[in-house]
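Visitor: Take a look at this one; I'll ask things after.
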Amino acid sequence: MNSDRKRIIIGIDDTDSREGMCTTYLGALLMEELCAFGSPLGEPLLIRLNPTIPYKTRGNAAVALCFESDEPEKIIGHVVSRVSSMSRMECENTNPGVVFIREVDFKEAKPQLSEFFIRAVKDVISIDEARALAESLGLAFRAFKNGRGLIGALAACGAMLNQDWEHTYEFLTYRKDEACGTKRLVDNESLFGADSETYPETWDSVDRFNELVVCVPRSPDPVLYGIRGDTREAVEKAVAMVRSEEIERSCIYRTNQGTDMHLIRAGGVDDILEMHSYMLEGTVVSPAVTIRGGHSIFILEDDAGRTIDCAAFEPTKNFREVVRRLVPGDRVVVYGSVTEDTLNIEKICILSLADVSEERNPACPSCGKRMKSAGSGQGYRCRRCATSAAETELVPLERDLGPGFYEVPPCARRHLAKPLVRFRCPEFPVFPGR
């Protein structure tokens with residue numbers, strides 16, 4: 001390393017809106033433009049934050065880049081200029097934040113920002129706390145409007161400082177400017193073919209059960225499509241097979257997508273807070289009720305007798321059939337986010353199934369056929385054999401469900417939720433929802 005060249009980390013968040021732009025696009029653009037002032041180090045990061053935050057625009061993503069340069073001030077100036085000019089400032093919920101960490105500050109900032117990163121994925125953090133942390137560490141930063149993007153920018157910097165976390169990759173492609181706003185031209189057949197060749201090393205490109213393409217967004221942003229996978233090699237192989245309109249640029253991000261990093265293990269319902277995501281074990285105490293809109297909801301009870309509503313909403317499609325087959329007494333672990341006192345299920349592990357039986361007329365011990373009622377209060381009689389019995393009998397029923405993991409299909413999957421194809425769980429079988 002040239003002694004005059006020092007490392008600098010750049011964290012960026014909240015530049016997009018529901019009407020356009022994408023923070024990952026800005027990250028991809030800067031990976032190219034900042035080469036005029038230095039050399040990129042390592043892989044750019046795409047960090048998904050707490051998925052329940054109501055202020056998010058779409059996927060609640062922040063990016064971080066690391067460069068080596070002897071012109072850090074030019075890097076800072078260029079990044080601030082790009083964020084200022086390209087962010088959708090006219091949108092009320094777009095409040096960009098940019099953070100810069102010079103190499104001299106890495107050691108002091110690392111422990112605090114590493115913890116901050118994990119909290120930003122799992123917890124709810126205020127703008128004031130983020131600003132106070134940046135100021136206490138003496139970091140260069142820029143907050144636009146109310147500065148909410150400082151939270152994600154600091155978190156992304158923390159992820160860059162300490163990359164000891166489970167990661168995956170996403171290969172993102174971006175449209176030419178003149179194509180934005182028009183229908184995306186991506187050949188569906190080539191996407192299904194790429195999936196066939198690279199699954200399970202890549203995942204969530206398509207939803208085979210529902211015959212849907214998942215990796216092509218519908219929102220008015222620059223992203224053409226994105227392929228997710230376990231390794232760089234896997235996503236590169238898949239993208240090489242995709243036929244589409246001409247792309248402007250692309251970028252492979254290292255990311256926490258598909259890792260379940262957002263989940264907290266709850267000891268019981270009393271541990272649960274709004275706008276957090278949990279793993280919660282309990283017993284089903286009511287069969288699922290399907291309400292207007294096609295949402296299916298059942299009640300789960302923890303070991304202390306506390307209850308919570310657990311929901312499989314309509315977008316989870318075929319997953320609702322799993323929920324509808326649960327009966328009181330089934331022991332499960334639910335995974336998902338809590339809003340409005342309801343846990344929105346992302347996947348479920350059925351630990352054990354309750355015995356289910358049905359009351360039937362008794363069987364004749366002689367011929368085996370079911371007896372008929374002999375009249376009100378007179379028990380049952382076999383007309384053929386003249387045998388009789390006083391009571392009905394309980395007959396065990398087979399359950400069309402087994403212990404194991406079940407998940408929502410790819411078309412309903414959140415960015416952070418770990419697909420079952422990535423699970424390594426010898427104790428229970430997995431039933432991928434694709």
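Chain identifiers are assigned as A, B, and so on, following the order in which chains appear in the structure tokens; residues are numbered from 1 within each chain, and ligands are numbered from 1 in order of appearance.
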Go through region 171-274 of chain A residue by residue and, counting only C-alpha atoms, keep those with an atom at most 12 Å from region 143-157 of chain A; for each kept residue give the shortest atom pair and its distance in Å to one decimal, ordered by chain and increasing number, as a tab-separated table.
Guide:
residue	atom	partner	partner_atom	distance
A:Arg254	CA	A:Ala156	CA	11.4
A:Thr255	CA	A:Ala156	CA	10.2
A:Asn256	CA	A:Ala156	CA	10.7
Visitor: Could you list, as a count of residues only, every residue within 12 Å of Arg48 (chain A), counting only C-alpha atoms and ignoring same-chain residues fewer than 3 positions away?
Guide: 44
Visitor: Find the residues around region 71-78 of chain A up to 8 Å (only C-alpha atoms counted), leave out those fewer than 6 positions away in its own chain, and share them as JSON, numbers by chain.
Guide: {"A": [5, 8, 34, 37, 38, 100]}
Visitor: Excluding Asp330 (chain A) and residues on its chain fewer than 4 positions from it, collect all residues at most 9 Å away from it, counting only C-alpha atoms, and give them as JSON, numbers by chain.
Guide: {"A": [282, 283, 284, 285, 326, 350, 351, 352, 353, 354, 355]}
Visitor: If DSSP is run on the backbone, what residues of region 189-409 of chain A are helix (DSSP H, G or I)? A reply as a PyMOL selection string would be ideal.
Guide: chain A and resi 189-198+232-239+269-271+314-316+319-324
Visitor: Take CA of Asn361 (chain A) and CA of Leu401 (chain A) and report the distance between them in Å, one decimal.
Guide: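 Calculated distance between CA of Asn361 (chain A) and CA of Leu401 (chain A) is 26.1 Å.
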Visitor: Could you pull out all residues of region 311-408 of chain A with a DSSP call of strand (DSSP E) and give them as a CSV table (one decimal) with N, CA and C atoms, in the first residue's frame?
Guide:
chain,number,residue,atom,x,y,z
A,311,ALA,N,-50.3,-14.6,11.4
A,311,ALA,CA,-51.0,-14.5,10.2
A,311,ALA,C,-50.2,-14.9,8.9
A,312,ALA,N,-50.9,-15.6,8.0
A,312,ALA,CA,-50.4,-15.9,6.7
A,312,ALA,C,-51.2,-15.0,5.8
A,331,ARG,N,-47.5,-28.2,18.0
A,331,ARG,CA,-46.4,-27.4,18.6
A,331,ARG,C,-45.5,-26.9,17.4
A,332,VAL,N,-45.3,-25.6,17.4
A,332,VAL,CA,-44.6,-24.9,16.3
A,332,VAL,C,-43.6,-23.9,16.7
A,333,VAL,N,-42.8,-23.5,15.8
A,333,VAL,CA,-41.9,-22.3,15.9
A,333,VAL,C,-42.3,-21.4,14.8
A,334,VAL,N,-42.8,-20.2,15.0
A,334,VAL,CA,-43.1,-19.2,13.9
A,334,VAL,C,-41.9,-18.2,13.8
A,335,TYR,N,-41.7,-17.8,12.6
A,335,TYR,CA,-40.7,-16.9,12.2
A,335,TYR,C,-41.3,-15.7,11.5
A,336,GLY,N,-41.1,-14.5,12.0
A,336,GLY,CA,-41.7,-13.4,11.2
A,336,GLY,C,-41.7,-12.1,12.0
A,337,SER,N,-42.2,-11.0,11.4
A,337,SER,CA,-42.2,-9.7,12.0
A,337,SER,C,-43.5,-9.3,12.6
A,338,VAL,N,-43.5,-8.5,13.6
A,338,VAL,CA,-44.7,-8.1,14.4
A,338,VAL,C,-45.1,-6.6,14.1
A,339,THR,N,-46.3,-6.5,13.6
A,339,THR,CA,-46.9,-5.2,13.4
A,339,THR,C,-48.4,-5.3,13.8
A,342,THR,N,-49.7,-8.5,15.6
A,342,THR,CA,-49.8,-9.7,14.8
A,342,THR,C,-48.5,-10.1,14.2
A,343,LEU,N,-48.1,-11.4,14.4
A,343,LEU,CA,-46.9,-11.8,13.8
A,343,LEU,C,-47.1,-12.3,12.3
A,344,ASN,N,-46.5,-11.6,11.4
A,344,ASN,CA,-46.6,-11.9,10.0
A,344,ASN,C,-45.6,-13.0,9.7
A,345,ILE,N,-46.1,-14.3,9.4
A,345,ILE,CA,-45.3,-15.4,9.3
A,345,ILE,C,-44.5,-15.4,8.0
A,346,GLU,N,-43.2,-15.7,8.1
A,346,GLU,CA,-42.3,-15.8,7.0
A,346,GLU,C,-42.0,-17.3,6.7
A,347,LYS,N,-41.9,-18.1,7.8
A,347,LYS,CA,-41.8,-19.5,7.7
A,347,LYS,C,-42.2,-20.1,9.1
A,348,ILE,N,-42.4,-21.4,9.1
A,348,ILE,CA,-42.8,-22.1,10.3
A,348,ILE,C,-42.2,-23.4,10.4
A,349,CYS,N,-41.8,-23.8,11.6
A,349,CYS,CA,-41.3,-25.2,11.8
A,349,CYS,C,-42.3,-25.9,12.7
A,350,ILE,N,-42.9,-27.0,12.2
A,350,ILE,CA,-43.8,-27.8,13.0
A,350,ILE,C,-43.0,-28.8,13.7
A,351,LEU,N,-43.0,-28.7,15.1
A,351,LEU,CA,-42.2,-29.5,15.9
A,351,LEU,C,-42.9,-30.9,16.2
A,352,SER,N,-44.2,-30.8,16.4
A,352,SER,CA,-45.0,-32.0,16.7
A,352,SER,C,-46.5,-31.7,16.3
A,357,SER,N,-58.8,-37.1,16.1
A,357,SER,CA,-59.6,-38.3,16.0
A,357,SER,C,-61.0,-37.8,15.6
A,358,GLU,N,-61.8,-38.7,15.1
A,358,GLU,CA,-63.2,-38.4,14.7
A,358,GLU,C,-64.2,-39.4,15.3
A,359,GLU,N,-65.3,-38.9,15.9
A,359,GLU,CA,-66.3,-39.8,16.5
A,359,GLU,C,-67.1,-40.5,15.4
A,360,ARG,N,-67.2,-41.8,15.5
A,360,ARG,CA,-67.9,-42.5,14.5
A,360,ARG,C,-68.8,-43.6,15.1
A,372,LYS,N,-75.6,-49.1,12.9
A,372,LYS,CA,-76.6,-48.1,12.8
A,372,LYS,C,-77.2,-47.7,14.1
A,373,SER,N,-77.7,-46.5,14.2
A,373,SER,CA,-78.3,-46.1,15.5
A,373,SER,C,-79.6,-47.0,15.7
A,380,TYR,N,-76.4,-48.6,19.5
A,380,TYR,CA,-76.1,-48.9,18.1
A,380,TYR,C,-76.3,-50.4,17.9
A,381,ARG,N,-76.7,-50.8,16.7
A,381,ARG,CA,-77.0,-52.2,16.4
A,381,ARG,C,-76.5,-52.5,15.0
A,388,SER,N,-74.6,-55.4,19.2
A,388,SER,CA,-75.0,-54.0,19.7
A,388,SER,C,-73.8,-53.4,20.5
A,389,ALA,N,-73.9,-52.1,20.6
A,389,ALA,CA,-72.9,-51.3,21.4
A,389,ALA,C,-73.6,-50.1,21.9
A,393,GLU,N,-67.3,-44.6,18.9
A,393,GLU,CA,-65.9,-44.8,19.1
A,393,GLU,C,-65.1,-43.7,18.4
A,394,LEU,N,-63.9,-43.4,19.0
A,394,LEU,CA,-63.0,-42.4,18.4
A,394,LEU,C,-62.0,-43.1,17.5
A,395,VAL,N,-62.0,-42.6,16.2
A,395,VAL,CA,-61.1,-43.2,15.2
A,395,VAL,C,-60.0,-42.2,14.9
A,396,PRO,N,-58.7,-42.6,15.1
A,396,PRO,CA,-57.6,-41.7,14.8
A,396,PRO,C,-57.6,-41.3,13.3
A,404,GLY,N,-41.6,-30.5,10.3
A,404,GLY,CA,-40.6,-29.9,9.5
A,404,GLY,C,-40.8,-28.4,9.2
A,405,PHE,N,-40.0,-27.9,8.4
A,405,PHE,CA,-40.0,-26.4,8.0
A,405,PHE,C,-40.8,-26.2,6.8
A,406,TYR,N,-41.6,-25.2,6.8
A,406,TYR,CA,-42.4,-24.7,5.6
A,406,TYR,C,-42.2,-23.2,5.5
A,407,GLU,N,-42.2,-22.7,4.3
A,407,GLU,CA,-41.9,-21.3,4.1
A,407,GLU,C,-42.9,-20.7,3.0
Visitor: Would you pick out the contacts of Arg422 (chain A) at 9 Å or less, using only C-alpha atoms, so that residues sharing its chain but fewer than 3 positions from it are not included, and give the list as a list in words?
Guide: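 Within the cut-off, the hits are Pro200, Glu201, Asp230, Gly258, Thr259, Lys418 and Pro419 of chain A.
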Visitor: Quick one: everything within 10 Å of region 291-296 of chain A, counting only C-alpha atoms, minus sequence neighbours fewer than 3 positions away in the same chain. Send it as an MDAnalysis selection string.
Guide: chainID A and resid 287:288 310:317 319:321 323:324
Visitor: Write a file of the just-selected residues containing N, CA, C and O atoms, as an mmCIF file, in the first residue's frame.
Guide:
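Full text of out-v1.cif as output:
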data_model
loop_
_atom_site.group_PDB
_atom_site.id
_atom_site.type_symbol
_atom_site.label_atom_id
_atom_site.label_comp_id
_atom_site.auth_asym_id
_atom_site.auth_seq_id
_atom_site.Cartn_x
_atom_site.Cartn_y
_atom_site.Cartn_z
ATOM 1 N N PRO A 287 -57.775 -23.133 15.521
ATOM 2 C CA PRO A 287 -57.536 -23.365 14.087
ATOM 3 C C PRO A 287 -57.546 -22.038 13.349
ATOM 4 O O PRO A 287 -58.122 -21.048 13.816
ATOM 5 N N ALA A 288 -56.887 -22.008 12.200
ATOM 6 C CA ALA A 288 -56.811 -20.774 11.415
ATOM 7 C C ALA A 288 -58.192 -20.359 10.921
ATOM 8 O O ALA A 288 -58.997 -21.190 10.497
ATOM 9 N N CYS A 310 -51.110 -14.996 14.765
ATOM 10 C CA CYS A 310 -50.100 -15.283 13.749
ATOM 11 C C CYS A 310 -50.810 -15.357 12.401
ATOM 12 O O CYS A 310 -51.816 -16.060 12.274
ATOM 13 N N ALA A 311 -50.296 -14.636 11.410
ATOM 14 C CA ALA A 311 -51.018 -14.483 10.151
ATOM 15 C C ALA A 311 -50.199 -14.929 8.949
ATOM 16 O O ALA A 311 -48.994 -14.660 8.854
ATOM 17 N N ALA A 312 -50.871 -15.624 8.050
ATOM 18 C CA ALA A 312 -50.368 -15.877 6.703
ATOM 19 C C ALA A 312 -51.230 -15.035 5.771
ATOM 20 O O ALA A 312 -52.386 -15.374 5.504
ATOM 21 N N PHE A 313 -50.690 -13.915 5.322
ATOM 22 C CA PHE A 313 -51.479 -12.987 4.519
ATOM 23 C C PHE A 313 -51.619 -13.476 3.079
ATOM 24 O O PHE A 313 -50.864 -14.338 2.612
ATOM 25 N N GLU A 314 -52.583 -12.923 2.377
ATOM 26 C CA GLU A 314 -52.923 -13.384 1.031
ATOM 27 C C GLU A 314 -51.723 -13.478 0.093
ATOM 28 O O GLU A 314 -51.620 -14.446 -0.681
ATOM 29 N N PRO A 315 -50.762 -12.529 0.106
ATOM 30 C CA PRO A 315 -49.619 -12.651 -0.817
ATOM 31 C C PRO A 315 -48.768 -13.896 -0.601
ATOM 32 O O PRO A 315 -47.972 -14.244 -1.476
ATOM 33 N N THR A 316 -48.933 -14.597 0.530
ATOM 34 C CA THR A 316 -48.143 -15.814 0.751
ATOM 35 C C THR A 316 -48.698 -17.020 0.000
ATOM 36 O O THR A 316 -48.140 -18.118 0.084
ATOM 37 N N LYS A 317 -49.812 -16.838 -0.702
ATOM 38 C CA LYS A 317 -50.355 -17.829 -1.646
ATOM 39 C C LYS A 317 -50.488 -19.218 -1.022
ATOM 40 O O LYS A 317 -51.179 -19.413 -0.050
ATOM 41 N N PHE A 319 -48.700 -21.027 0.816
ATOM 42 C CA PHE A 319 -48.275 -21.218 2.207
ATOM 43 C C PHE A 319 -49.466 -21.214 3.157
ATOM 44 O O PHE A 319 -49.434 -21.861 4.205
ATOM 45 N N ARG A 320 -50.526 -20.518 2.790
ATOM 46 C CA ARG A 320 -51.701 -20.456 3.666
ATOM 47 C C ARG A 320 -52.312 -21.836 3.885
ATOM 48 O O ARG A 320 -52.952 -22.077 4.921
ATOM 49 N N GLU A 321 -52.126 -22.744 2.931
ATOM 50 C CA GLU A 321 -52.681 -24.090 3.096
ATOM 51 C C GLU A 321 -52.015 -24.826 4.254
ATOM 52 O O GLU A 321 -52.652 -25.635 4.934
ATOM 53 N N VAL A 323 -50.867 -23.343 7.000
ATOM 54 C CA VAL A 323 -51.438 -22.730 8.197
ATOM 55 C C VAL A 323 -52.860 -23.241 8.445
ATOM 56 O O VAL A 323 -53.259 -23.492 9.595
ATOM 57 N N ARG A 324 -53.621 -23.430 7.389
ATOM 58 C CA ARG A 324 -55.009 -23.864 7.541
ATOM 59 C C ARG A 324 -55.117 -25.313 8.008
ATOM 60 O O ARG A 324 -56.178 -25.740 8.473
#
Visitor: Rounded to one decimal place, report the CA of Asp400 (chain A)-CA of Pro365 (chain A) distance in Å.
Guide: 29.0 Å
Visitor: With distances taken over only C-alpha atoms, which residue among A:Gly377, A:Gly402, A:Gly329, A:Gly138 lies nearest Glu108 (chain A)?
Guide: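 Among the listed residues, A:Gly138 lies closest to Glu108 (chain A).
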